[in-house]
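Listing of start_32.cif; format and content: mmCIF, C-alpha atoms.
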data_data
loop_
_atom_site.group_PDB
_atom_site.id
_atom_site.type_symbol
_atom_site.label_atom_id
_atom_site.label_comp_id
_atom_site.auth_asym_id
_atom_site.auth_seq_id
_atom_site.Cartn_x
_atom_site.Cartn_y
_atom_site.Cartn_z
ATOM 1 C CA MET R 1 -18.020 -13.890 26.747
ATOM 2 C CA LEU R 2 -16.006 -16.055 29.121
ATOM 3 C CA GLY R 3 -14.165 -13.177 30.736
ATOM 4 C CA GLU R 4 -11.610 -10.410 30.568
ATOM 5 C CA ILE R 5 -7.847 -10.951 30.430
ATOM 6 C CA PHE R 6 -4.686 -8.831 30.443
ATOM 7 C CA ASP R 7 -5.985 -6.493 33.155
ATOM 8 C CA GLY R 8 -9.137 -5.670 31.190
ATOM 9 C CA ASN R 9 -7.286 -5.141 27.884
ATOM 10 C CA GLY R 10 -8.789 -8.229 26.297
ATOM 11 C CA VAL R 11 -11.576 -10.772 26.249
ATOM 12 C CA VAL R 12 -12.071 -14.497 25.766
ATOM 13 C CA VAL R 13 -15.220 -15.537 23.903
ATOM 14 C CA ALA R 14 -16.731 -18.922 23.099
ATOM 15 C CA PRO R 15 -20.160 -20.280 22.354
ATOM 16 C CA PRO R 16 -21.536 -22.783 24.882
ATOM 17 C CA GLN R 17 -20.224 -26.278 24.184
ATOM 18 C CA ARG R 18 -20.976 -29.775 25.474
ATOM 19 C CA GLU R 19 -17.652 -30.423 27.211
ATOM 20 C CA GLN R 20 -16.238 -28.942 30.395
ATOM 21 C CA GLN R 21 -15.381 -25.261 29.903
ATOM 22 C CA ALA R 22 -11.633 -26.015 30.174
ATOM 23 C CA PHE R 23 -11.940 -27.937 26.886
ATOM 24 C CA TRP R 24 -13.958 -25.358 24.947
ATOM 25 C CA ASP R 25 -12.775 -23.931 21.647
ATOM 26 C CA GLU R 26 -12.319 -20.181 22.115
ATOM 27 C CA VAL R 27 -11.155 -16.903 20.608
ATOM 28 C CA THR R 28 -9.100 -14.384 22.540
ATOM 29 C CA ALA R 29 -8.555 -10.756 21.550
ATOM 30 C CA ALA R 30 -6.297 -8.490 23.598
ATOM 31 C CA MET R 31 -3.722 -5.753 23.632
ATOM 32 C CA VAL R 32 -0.732 -7.826 24.759
ATOM 33 C CA VAL R 33 1.968 -5.124 24.622
ATOM 34 C CA PRO R 34 1.104 -1.513 25.492
ATOM 35 C CA PRO R 35 2.590 1.388 23.528
ATOM 36 C CA PRO R 36 6.239 2.024 24.452
ATOM 37 C CA GLN R 37 6.690 4.763 27.020
ATOM 38 C CA ASP R 38 9.190 7.592 26.612
ATOM 39 C CA ASP R 39 12.107 6.606 24.382
ATOM 40 C CA LYS R 40 11.802 2.848 24.885
ATOM 41 C CA GLU R 41 12.047 0.857 21.685
ATOM 42 C CA ALA R 42 8.926 -1.078 20.704
ATOM 43 C CA GLN R 43 9.100 -4.845 21.242
ATOM 44 C CA GLY R 44 8.054 -5.625 17.675
ATOM 45 C CA LEU R 45 6.125 -8.528 16.219
ATOM 46 C CA ASP R 46 9.105 -10.902 16.070
ATOM 47 C CA GLY R 47 9.793 -10.263 19.758
ATOM 48 C CA VAL R 48 6.205 -11.081 20.687
ATOM 49 C CA ILE R 49 6.279 -14.312 18.656
ATOM 50 C CA ALA R 50 9.530 -15.326 20.393
ATOM 51 C CA GLN R 51 8.010 -14.496 23.780
ATOM 52 C CA ALA R 52 4.842 -16.538 23.047
ATOM 53 C CA SER R 53 6.939 -19.529 21.942
ATOM 54 C CA ALA R 54 9.126 -19.277 25.046
ATOM 55 C CA ALA R 55 6.038 -19.127 27.291
ATOM 56 C CA MET R 56 4.729 -22.363 25.741
ATOM 57 C CA ARG R 57 8.077 -24.074 26.273
ATOM 58 C CA GLU R 58 8.281 -22.842 29.890
ATOM 59 C CA ALA R 59 4.784 -24.202 30.528
ATOM 60 C CA GLY R 60 6.084 -27.589 29.455
ATOM 61 C CA GLN R 61 4.017 -27.742 26.287
ATOM 62 C CA ASP R 62 5.512 -29.981 23.616
ATOM 63 C CA PHE R 63 4.461 -27.876 20.651
ATOM 64 C CA HIS R 64 5.441 -27.745 17.042
ATOM 65 C CA THR R 65 4.928 -24.981 14.539
ATOM 66 C CA LEU R 66 2.483 -25.753 11.754
ATOM 67 C CA GLU R 67 2.791 -22.403 9.992
ATOM 68 C CA ARG R 68 4.268 -18.954 10.408
ATOM 69 C CA GLY R 69 3.764 -16.031 8.086
ATOM 70 C CA GLN R 70 3.351 -12.329 7.584
ATOM 71 C CA ARG R 71 0.039 -10.729 6.787
ATOM 72 C CA THR R 72 -1.810 -7.473 7.165
ATOM 73 C CA VAL R 73 -4.818 -6.804 9.342
ATOM 74 C CA ASP R 74 -6.626 -3.468 9.008
ATOM 75 C CA HIS R 75 -3.771 -2.272 6.765
ATOM 76 C CA LYS R 76 -1.262 -2.841 9.588
ATOM 77 C CA PRO R 77 1.629 -5.340 9.706
ATOM 78 C CA ALA R 78 0.829 -8.635 11.405
ATOM 79 C CA GLU R 79 2.486 -11.986 12.064
ATOM 80 C CA MET R 80 0.663 -15.304 12.257
ATOM 81 C CA LEU R 81 1.847 -18.340 14.187
ATOM 82 C CA ARG R 82 -0.087 -21.628 14.092
ATOM 83 C CA VAL R 83 1.046 -24.324 16.532
ATOM 84 C CA GLN R 84 -0.178 -27.696 17.690
ATOM 85 C CA TYR R 85 0.515 -29.161 21.119
ATOM 86 C CA ARG R 86 -0.626 -31.596 23.744
ATOM 87 C CA GLU R 87 -1.569 -29.864 26.987
ATOM 88 C CA LYS R 88 0.621 -31.242 29.738
ATOM 89 C CA ASN R 89 -1.992 -31.219 32.532
ATOM 90 C CA THR R 90 -4.913 -32.713 30.593
ATOM 91 C CA GLY R 91 -3.366 -34.628 27.689
ATOM 92 C CA ARG R 92 -5.688 -32.697 25.368
ATOM 93 C CA ASP R 93 -4.493 -31.841 21.837
ATOM 94 C CA TRP R 94 -4.886 -28.208 20.773
ATOM 95 C CA VAL R 95 -4.241 -26.076 17.719
ATOM 96 C CA GLU R 96 -3.658 -22.374 18.307
ATOM 97 C CA GLU R 97 -3.555 -19.751 15.605
ATOM 98 C CA LEU R 98 -2.160 -16.516 16.989
ATOM 99 C CA VAL R 99 -2.182 -13.322 14.953
ATOM 100 C CA PHE R 100 -0.170 -10.428 16.372
ATOM 101 C CA ILE R 101 -0.997 -6.986 14.966
ATOM 102 C CA GLU R 102 1.110 -3.872 15.403
ATOM 103 C CA GLY R 103 -0.962 -0.826 16.299
ATOM 104 C CA PRO R 104 -0.375 2.787 15.266
ATOM 105 C CA ASP R 105 1.496 3.686 18.473
ATOM 106 C CA GLY R 106 3.716 0.581 18.655
ATOM 107 C CA GLU R 107 1.275 -1.378 20.814
ATOM 108 C CA ILE R 108 0.658 -4.995 19.844
ATOM 109 C CA TYR R 109 -2.659 -6.790 19.751
ATOM 110 C CA SER R 110 -3.281 -10.518 19.613
ATOM 111 C CA VAL R 111 -6.247 -12.337 18.153
ATOM 112 C CA ALA R 112 -6.049 -16.070 18.823
ATOM 113 C CA LEU R 113 -8.096 -19.144 18.029
ATOM 114 C CA LYS R 114 -7.577 -22.098 20.368
ATOM 115 C CA CYS R 115 -9.399 -25.249 19.355
ATOM 116 C CA SER R 116 -9.205 -29.003 19.125
ATOM 117 C CA PRO R 117 -7.617 -30.202 15.867
ATOM 118 C CA GLY R 118 -10.970 -31.665 14.811
ATOM 119 C CA SER R 119 -12.747 -28.290 15.174
ATOM 120 C CA ARG R 120 -10.225 -26.238 13.218
ATOM 121 C CA ALA R 121 -11.777 -26.641 9.739
ATOM 122 C CA ARG R 122 -15.191 -25.616 11.083
ATOM 123 C CA LEU R 123 -13.886 -22.601 13.047
ATOM 124 C CA GLU R 124 -11.322 -21.201 10.554
ATOM 125 C CA PRO R 125 -13.942 -19.272 8.487
ATOM 126 C CA ALA R 126 -15.299 -17.533 11.607
ATOM 127 C CA PHE R 127 -11.773 -16.703 12.781
ATOM 128 C CA ALA R 128 -10.894 -15.341 9.323
ATOM 129 C CA GLN R 129 -14.012 -13.124 9.483
ATOM 130 C CA ILE R 130 -12.964 -11.785 12.879
ATOM 131 C CA LEU R 131 -9.593 -10.806 11.395
ATOM 132 C CA ARG R 132 -11.225 -9.211 8.320
ATOM 133 C CA SER R 133 -13.467 -7.122 10.568
ATOM 134 C CA TRP R 134 -10.671 -6.156 13.004
ATOM 135 C CA SER R 135 -10.308 -2.389 13.268
ATOM 136 C CA LEU R 136 -7.467 -0.800 15.184
ATOM 137 C CA PRO R 137 -7.843 2.585 16.852
ATOM 138 C CA GLU R 138 -6.487 5.545 14.926
ATOM 139 C CA PRO R 139 -3.955 7.834 16.600
ATOM 140 C CA HIS R 140 -5.569 10.804 18.327
ATOM 141 C CA PRO R 141 -5.675 13.799 15.887
ATOM 142 C CA ASP R 142 -3.538 15.933 18.251
ATOM 143 C CA GLU R 143 -0.798 13.265 18.130
ATOM 144 C CA GLN R 144 -0.652 12.882 14.338
ATOM 145 C CA THR R 145 2.245 14.124 12.305
ATOM 146 C CA PRO R 146 1.461 16.032 9.088
ATOM 147 C CA ALA R 147 2.067 12.839 7.049
ATOM 148 C CA GLN R 148 -0.595 11.031 9.071
ATOM 149 C CA THR R 149 -3.375 13.532 8.404
ATOM 150 C CA SER R 150 -4.159 12.316 4.884
ATOM 151 C CA THR R 151 -7.634 11.071 4.045
ATOM 152 C CA PRO R 152 -8.147 7.384 4.904
ATOM 153 C CA PRO R 153 -8.704 4.933 2.036
ATOM 154 C CA ALA R 154 -12.237 4.950 0.606
ATOM 155 C CA ASN R 155 -12.828 1.291 1.394
ATOM 156 C CA ARG R 156 -12.063 1.732 5.057
ATOM 157 C CA ALA R 157 -15.034 1.411 7.376
ATOM 158 C CA PRO R 158 -15.618 4.303 9.796
ATOM 159 C CA HIS R 159 -14.839 3.680 13.466
#

Give the structure from the file, written as structure tokens.
Amino acid sequence: MLGEIFDGNGVVVAPPQREQQAFWDEVTAAMVVPPPQDDKEAQGLDGVIAQASAAMREAGQDFHTLERGQRTVDHKPAEMLRVQYREKNTGRDWVEELVFIEGPDGEIYSVALKCSPGSRARLEPAFAQILRSWSLPEPHPDEQTPAQTSTPPANRAPH
């Protein structure tokens, strides 16, 4: 584990690599948008994708989208954005695959792979396994509505 991010709501992990740590391939998992408070409307997955793209532009990254698509992770809606860019400060080329997952209370999680273009084919299977094993928290039983109290699917792993 390289460290915590988002005020302790996420982590960055990477195996030791030969290069300087700033150039390591890594995976980040974090809650990037907390549940909406009071009557605030949830930001939504499209809003988070737009915000991530804007942040890259503001940082001066010349990025282009390789792929964008919808998917499900742990039976929840998710959006995937894969981009490639050259880091302004280092001149290093990166590919980032960001998957944003909407949680049961409107919170949004991100699982991201950041790697050199040459490492992507080797790391994609591990990243796909992380997404297959991803398990979001269930709403607290006291907060569930009657429609949410049904029995979970049989193939769902216990938490």

Next item on the list: Apply the PyMOL selection byres ((chain R and resi 9) around 10) to the structure shown and report the selected residues as a PyMOL selection string.
Entry: chain R and resi 4-8+10-11+29-34+109

Item checked: Two-atom distance - CA of Cys115 in chain R, CA of Glu96 in chain R (Å) -> 6.5 Å

Spell out the residues picked by the PyMOL selection byres ((chain R and resi 131) around 10) here, as a PDB file with C-alpha atoms, keeping the file's coordinate frame.
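Final output, out-v9.pdb:
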ATOM      1  CA  THR R  72      -1.810  -7.473   7.165  1.00  0.00           C
ATOM      2  CA  VAL R  73      -4.818  -6.804   9.342  1.00  0.00           C
ATOM      3  CA  ASP R  74      -6.626  -3.468   9.008  1.00  0.00           C
ATOM      4  CA  VAL R  99      -2.182 -13.322  14.953  1.00  0.00           C
ATOM      5  CA  VAL R 111      -6.247 -12.337  18.153  1.00  0.00           C
ATOM      6  CA  ALA R 112      -6.049 -16.070  18.823  1.00  0.00           C
ATOM      7  CA  PRO R 125     -13.942 -19.272   8.487  1.00  0.00           C
ATOM      8  CA  ALA R 126     -15.299 -17.533  11.607  1.00  0.00           C
ATOM      9  CA  PHE R 127     -11.773 -16.703  12.781  1.00  0.00           C
ATOM     10  CA  ALA R 128     -10.894 -15.341   9.323  1.00  0.00           C
ATOM     11  CA  GLN R 129     -14.012 -13.124   9.483  1.00  0.00           C
ATOM     12  CA  ILE R 130     -12.964 -11.785  12.879  1.00  0.00           C
ATOM     13  CA  ARG R 132     -11.225  -9.211   8.320  1.00  0.00           C
ATOM     14  CA  SER R 133     -13.467  -7.122  10.568  1.00  0.00           C
ATOM     15  CA  TRP R 134     -10.671  -6.156  13.004  1.00  0.00           C
ATOM     16  CA  SER R 135     -10.308  -2.389  13.268  1.00  0.00           C
TER      17      SER R 135
END

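Residues with any atom within 9 Å of range 56-62 of chain R, counting all atoms listed in the file and excluding same-chain neighbours fewer than 2 positions away, are Gln51, Ala52, Ser53, Ala54, His64, Gln84, Tyr85, Arg86, Glu87 and Lys88 of chain R.
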
Next item on the list: May I ask for the distance between CA of Ile49 in chain R and CA of Glu26 in chain R, given in Å to one decimal place?
Entry: 19.8 Å

Checklist line | Using all atoms listed in the file: which of R:Leu136, R:Val95, R:Ala78, R:Val13 has the shortest distance to Phe63 in chain R | finding: R:Val95

Checklist line | Test item: the PyMOL selection byres ((chain R and resi 117) around 6) resolved as a VMD selection string | finding: chain R and resid 94 to 95 116 118 to 120

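Nearest-residue note for Lys114 in chain R: choosing from R:Val48, R:Ala22, R:Val27, R:Val12, the minimum distance belongs to R:Val27, counting only C-alpha atoms.
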
Item checked: Distance of CA of Gly3 in chain R from CA of Asp105 in chain R, expressed in Å to one decimal place -> 26.1 Å

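For the residues R:Asn89, R:Thr28, R:Glu102, R:Arg82, ranking by smallest atom-to-atom distance to Asp46 in chain R using all atoms listed in the file places R:Glu102 first.
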
Next item on the list: Can you work out which one of R:Leu98, R:Asp25, R:Met1, R:Asp93 has the shortest atom-to-atom distance to Leu123 in chain R, counting all atoms listed in the file?
Entry: R:Asp25

With the input short on atoms, add N, CA and C atoms back to range 99-115 of chain R and write it as a short mmCIF file (atom, residue, chain, number, x, y, z; two decimals), in the frame of the given file.
data_model
loop_
_atom_site.label_atom_id
_atom_site.label_comp_id
_atom_site.auth_asym_id
_atom_site.auth_seq_id
_atom_site.Cartn_x
_atom_site.Cartn_y
_atom_site.Cartn_z
N VAL R 99 -2.50 -14.40 15.87
CA VAL R 99 -2.18 -13.32 14.95
C VAL R 99 -1.86 -12.10 15.80
N PHE R 100 -0.64 -11.60 15.63
CA PHE R 100 -0.17 -10.43 16.37
C PHE R 100 -0.16 -9.25 15.41
N ILE R 101 -0.80 -8.15 15.82
CA ILE R 101 -1.00 -6.99 14.97
C ILE R 101 -0.35 -5.78 15.63
N GLU R 102 0.46 -5.06 14.86
CA GLU R 102 1.11 -3.87 15.40
C GLU R 102 0.19 -2.67 15.23
N GLY R 103 -0.08 -1.99 16.32
CA GLY R 103 -0.96 -0.83 16.30
C GLY R 103 -0.23 0.44 15.90
N PRO R 104 -0.96 1.54 15.76
CA PRO R 104 -0.38 2.79 15.27
C PRO R 104 0.63 3.42 16.22
N ASP R 105 0.58 3.08 17.50
CA ASP R 105 1.50 3.69 18.47
C ASP R 105 2.53 2.68 18.99
N GLY R 106 2.75 1.58 18.24
CA GLY R 106 3.72 0.58 18.66
C GLY R 106 3.17 -0.47 19.60
N GLU R 107 1.90 -0.35 19.99
CA GLU R 107 1.27 -1.38 20.81
C GLU R 107 1.04 -2.62 19.95
N ILE R 108 0.88 -3.76 20.59
CA ILE R 108 0.66 -5.00 19.84
C ILE R 108 -0.58 -5.70 20.38
N TYR R 109 -1.43 -6.08 19.45
CA TYR R 109 -2.66 -6.79 19.75
C TYR R 109 -2.52 -8.24 19.32
N SER R 110 -3.26 -9.11 19.97
CA SER R 110 -3.28 -10.52 19.61
C SER R 110 -4.73 -10.94 19.43
N VAL R 111 -4.97 -11.68 18.36
CA VAL R 111 -6.25 -12.34 18.15
C VAL R 111 -5.88 -13.81 17.99
N ALA R 112 -6.46 -14.68 18.81
CA ALA R 112 -6.05 -16.07 18.82
C ALA R 112 -7.25 -17.01 18.83
N LEU R 113 -7.14 -18.05 18.03
CA LEU R 113 -8.10 -19.14 18.03
C LEU R 113 -7.42 -20.33 18.70
N LYS R 114 -8.06 -20.89 19.71
CA LYS R 114 -7.58 -22.10 20.37
C LYS R 114 -8.69 -23.13 20.24
N CYS R 115 -8.36 -24.25 19.58
CA CYS R 115 -9.40 -25.25 19.36
C CYS R 115 -8.80 -26.65 19.26
#
